[in-house]
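S.K.: Structure incoming, see below.
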Amino acid sequence: MKFDRAKTGKVIADIRRYSDDLSELKFGDKSMSKLEFYSSSMLIFSIVNSYMDLANELISSNHLGYPATYADMFDILFDKKIINKKENDAFKRLINVRNAIAHRYFNITLSDVHNAMSDLKKVNSFLSLFN
C-alpha cells in the first residue's frame, strides 16, 4: 500500500502520545473524576481524529474510493480487506463517540468513555499497516 510516510509518521506519533497520556489517567471501572472524564474524552477525540487521518491517507493515496462520511472511510477499508469486521465495527463506534464529543459533549457518559477505551484496544493493530 502506498502512503506518505512523513505524514503518517507524525500521526502515528500523535496516536501513541495520546494513548500513553490516556493510559496514565488513574480511574476505576466504576468511577472517574470530572477532570479524568473530560481529559479522557478529549484524548479519545484526538486519537479517533488521528485514526481518521490515517484512513483518509490510505484511501486517497491508493485511490480506493470517495467516502461521504467518516464511517465510510472504514467501510472502504473493510471492503478492500484492509481491516477486519471487528475493527470496522469498533471504528464505527469510536466515530459515534467522537461525533458525540464534538457536537453534544454533555451527553457523553462514563460508559461511553469506558467502551471507547475498550474499542481503541481493538483497533491498535491498524497502526501496523504503516510499518
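As shown in the C-alpha cells, the chain order sets the letters A, B, ...; within each chain, residues go from 1, and ligands are also counted from 1 in the order they appear.
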Write out as a list in words which residues come within 6 Å of Phe45 in chain A when counting only C-alpha atoms, dropping same-chain ones fewer than 3 positions away.

M.R.: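 Contacts, in chain order: Met42, Val48 and Arg98 of chain A.
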
S.K.: Taking C-alpha atoms for each residue, export the selection above as a compact mmCIF listing (two decimals), in the first residue's frame.

M.R.:
# COMPACT_ATOMS: atom_id res chain seq x y z
CA MET A 42 -10.65 14.79 24.65
CA VAL A 48 -10.07 8.93 16.72
CA ARG A 98 -16.11 11.20 18.60

S.K.: Would you mind listing what lies within 12 Å of range 19-21 of chain A as a ChimeraX atom specification, with only C-alpha atoms counted and same-chain residues fewer than 2 positions away left out?

M.R.: /A:12-17,23-26,36,39-48,50-51,117,120-121,124

S.K.: Just checking: using only C-alpha atoms, which residue out of A:Asn131, A:Asn88, A:Asn99, A:Ser111 ends up closest to Arg5 in chain A?

M.R.: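 Among the listed residues, A:Asn131 lies closest to Arg5 in chain A.
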
S.K.: Pick from A:Ala6, A:Leu94, A:Met1, A:Val123: nearest to Lys80 in chain A, with only C-alpha atoms counted?

M.R.: A:Met1

S.K.: I want to know what sits within 12 Å of Phe106 in chain A, based on only C-alpha atoms, with residues of the same chain fewer than 2 positions away left out; could you give that as an MDAnalysis selection string?

M.R.: chainID A and resid 34 37:38 41 97 99:104 108:110 112

S.K.: Go ahead and write the residues just picked, C-alpha atoms, as a compact mmCIF listing (two decimals), in the first residue's frame.

M.R.:
# COMPACT_ATOMS: atom_id res chain seq x y z
CA LYS A 34 -14.59 15.17 36.27
CA PHE A 37 -13.60 12.20 32.43
CA TYR A 38 -13.06 15.36 30.39
CA SER A 41 -12.94 12.32 26.37
CA VAL A 97 -18.40 8.70 20.36
CA ASN A 99 -19.13 12.87 16.99
CA ALA A 100 -20.98 12.98 20.30
CA ILE A 101 -17.97 14.63 21.93
CA ALA A 102 -17.73 17.14 19.08
CA HIS A 103 -21.40 18.03 18.79
CA ARG A 104 -23.17 17.28 22.05
CA ILE A 108 -21.28 11.59 26.82
CA THR A 109 -21.43 9.12 29.67
CA LEU A 110 -18.84 7.33 31.73
CA ASP A 112 -19.23 5.76 26.59

S.K.: DSSP on the backbone: what in range 14-91 of chain A comes out alpha helix (DSSP H), as a ChimeraX atom specification?

M.R.: /A:14-24,34-61,70-79,85-91

S.K.: Name all residues at most 12 Å from range 64-68 of chain A (count only C-alpha atoms; drop same-chain ones fewer than 3 positions away) and give them as a PDB file with N, CA and C atoms, in the first residue's frame.

M.R.:
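And here's around29.pdb as it stands now:
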ATOM      1  N   MET A   1       0.844  -1.179   0.000  1.00  0.00           N
ATOM      2  CA  MET A   1       0.000   0.000   0.000  1.00  0.00           C
ATOM      3  C   MET A   1       0.892   1.246   0.000  1.00  0.00           C
ATOM      4  N   LYS A   2       0.434   2.230  -0.743  1.00  0.00           N
ATOM      5  CA  LYS A   2       1.149   3.496  -0.796  1.00  0.00           C
ATOM      6  C   LYS A   2       0.593   4.449   0.257  1.00  0.00           C
ATOM      7  N   MET A  52      -8.725   8.607  11.771  1.00  0.00           N
ATOM      8  CA  MET A  52      -9.414   9.020  10.552  1.00  0.00           C
ATOM      9  C   MET A  52      -8.430   9.631   9.559  1.00  0.00           C
ATOM     10  N   ALA A  55      -6.718   6.675   7.912  1.00  0.00           N
ATOM     11  CA  ALA A  55      -7.625   6.017   6.968  1.00  0.00           C
ATOM     12  C   ALA A  55      -7.749   6.839   5.693  1.00  0.00           C
ATOM     13  N   ASN A  56      -7.905   8.132   5.851  1.00  0.00           N
ATOM     14  CA  ASN A  56      -8.024   9.014   4.692  1.00  0.00           C
ATOM     15  C   ASN A  56      -6.759   8.967   3.831  1.00  0.00           C
ATOM     16  N   GLU A  57      -5.607   8.924   4.463  1.00  0.00           N
ATOM     17  CA  GLU A  57      -4.339   8.845   3.740  1.00  0.00           C
ATOM     18  C   GLU A  57      -4.262   7.557   2.920  1.00  0.00           C
ATOM     19  N   LEU A  58      -4.645   6.432   3.513  1.00  0.00           N
ATOM     20  CA  LEU A  58      -4.630   5.160   2.775  1.00  0.00           C
ATOM     21  C   LEU A  58      -5.587   5.197   1.585  1.00  0.00           C
ATOM     22  N   ILE A  59      -6.775   5.714   1.827  1.00  0.00           N
ATOM     23  CA  ILE A  59      -7.788   5.745   0.768  1.00  0.00           C
ATOM     24  C   ILE A  59      -7.373   6.657  -0.374  1.00  0.00           C
ATOM     25  N   SER A  60      -6.914   7.845  -0.045  1.00  0.00           N
ATOM     26  CA  SER A  60      -6.563   8.787  -1.114  1.00  0.00           C
ATOM     27  C   SER A  60      -5.284   8.379  -1.834  1.00  0.00           C
ATOM     28  N   SER A  61      -4.279   7.914  -1.120  1.00  0.00           N
ATOM     29  CA  SER A  61      -3.013   7.531  -1.748  1.00  0.00           C
ATOM     30  C   SER A  61      -3.156   6.313  -2.655  1.00  0.00           C
ATOM     31  N   ALA A  71     -17.487   7.323   8.766  1.00  0.00           N
ATOM     32  CA  ALA A  71     -17.674   5.876   8.847  1.00  0.00           C
ATOM     33  C   ALA A  71     -17.410   5.206   7.499  1.00  0.00           C
ATOM     34  N   ASP A  72     -17.725   5.905   6.415  1.00  0.00           N
ATOM     35  CA  ASP A  72     -17.478   5.351   5.079  1.00  0.00           C
ATOM     36  C   ASP A  72     -16.008   5.023   4.858  1.00  0.00           C
ATOM     37  N   MET A  73     -15.123   5.789   5.474  1.00  0.00           N
ATOM     38  CA  MET A  73     -13.694   5.520   5.301  1.00  0.00           C
ATOM     39  C   MET A  73     -13.363   4.099   5.748  1.00  0.00           C
ATOM     40  N   PHE A  74     -13.910   3.711   6.877  1.00  0.00           N
ATOM     41  CA  PHE A  74     -13.597   2.393   7.418  1.00  0.00           C
ATOM     42  C   PHE A  74     -14.366   1.294   6.686  1.00  0.00           C
ATOM     43  N   ASP A  75     -15.550   1.608   6.145  1.00  0.00           N
ATOM     44  CA  ASP A  75     -16.252   0.647   5.294  1.00  0.00           C
ATOM     45  C   ASP A  75     -15.435   0.355   4.036  1.00  0.00           C
ATOM     46  N   ILE A  76     -14.834   1.385   3.458  1.00  0.00           N
ATOM     47  CA  ILE A  76     -13.994   1.193   2.278  1.00  0.00           C
ATOM     48  C   ILE A  76     -12.811   0.294   2.626  1.00  0.00           C
ATOM     49  N   LEU A  77     -12.158   0.563   3.751  1.00  0.00           N
ATOM     50  CA  LEU A  77     -11.021  -0.267   4.157  1.00  0.00           C
ATOM     51  C   LEU A  77     -11.450  -1.700   4.446  1.00  0.00           C
ATOM     52  N   PHE A  78     -12.636  -1.868   4.998  1.00  0.00           N
ATOM     53  CA  PHE A  78     -13.170  -3.210   5.233  1.00  0.00           C
ATOM     54  C   PHE A  78     -13.475  -3.906   3.912  1.00  0.00           C
ATOM     55  N   ASP A  79     -14.146  -3.198   2.995  1.00  0.00           N
ATOM     56  CA  ASP A  79     -14.485  -3.782   1.690  1.00  0.00           C
ATOM     57  C   ASP A  79     -13.239  -4.200   0.909  1.00  0.00           C
ATOM     58  N   LYS A  80     -12.146  -3.458   1.095  1.00  0.00           N
ATOM     59  CA  LYS A  80     -10.887  -3.775   0.405  1.00  0.00           C
ATOM     60  C   LYS A  80     -10.043  -4.774   1.197  1.00  0.00           C
ATOM     61  N   LYS A  81     -10.612  -5.296   2.302  1.00  0.00           N
ATOM     62  CA  LYS A  81      -9.957  -6.307   3.147  1.00  0.00           C
ATOM     63  C   LYS A  81      -8.667  -5.795   3.801  1.00  0.00           C
ATOM     64  N   ILE A  82      -8.665  -4.511   4.105  1.00  0.00           N
ATOM     65  CA  ILE A  82      -7.522  -3.903   4.785  1.00  0.00           C
ATOM     66  C   ILE A  82      -7.712  -3.980   6.298  1.00  0.00           C
TER      67      ILE A  82
END

S.K.: Quick check, in Å to one decimal: how far apart do CA of Tyr18 in chain A and CA of Ala90 in chain A lie?

M.R.: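 Atom-to-atom, CA of Tyr18 in chain A and CA of Ala90 in chain A are spaced 18.2 Å apart.
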
S.K.: For a test of reading the model, state the distance in Å between CA of Ser125 in chain A and CA of Met32 in chain A, rounded to one decimal.

M.R.: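 Between CA of Ser125 in chain A and CA of Met32 in chain A the gap is 27.4 Å.
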
S.K.: Counting only C-alpha atoms, figure out which residue out of A:Ser31, A:Thr8, A:Asn62, A:Asn115 gets nearest to Leu127 in chain A.

M.R.: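 Using only C-alpha atoms, the shortest distance to Leu127 in chain A belongs to A:Thr8.
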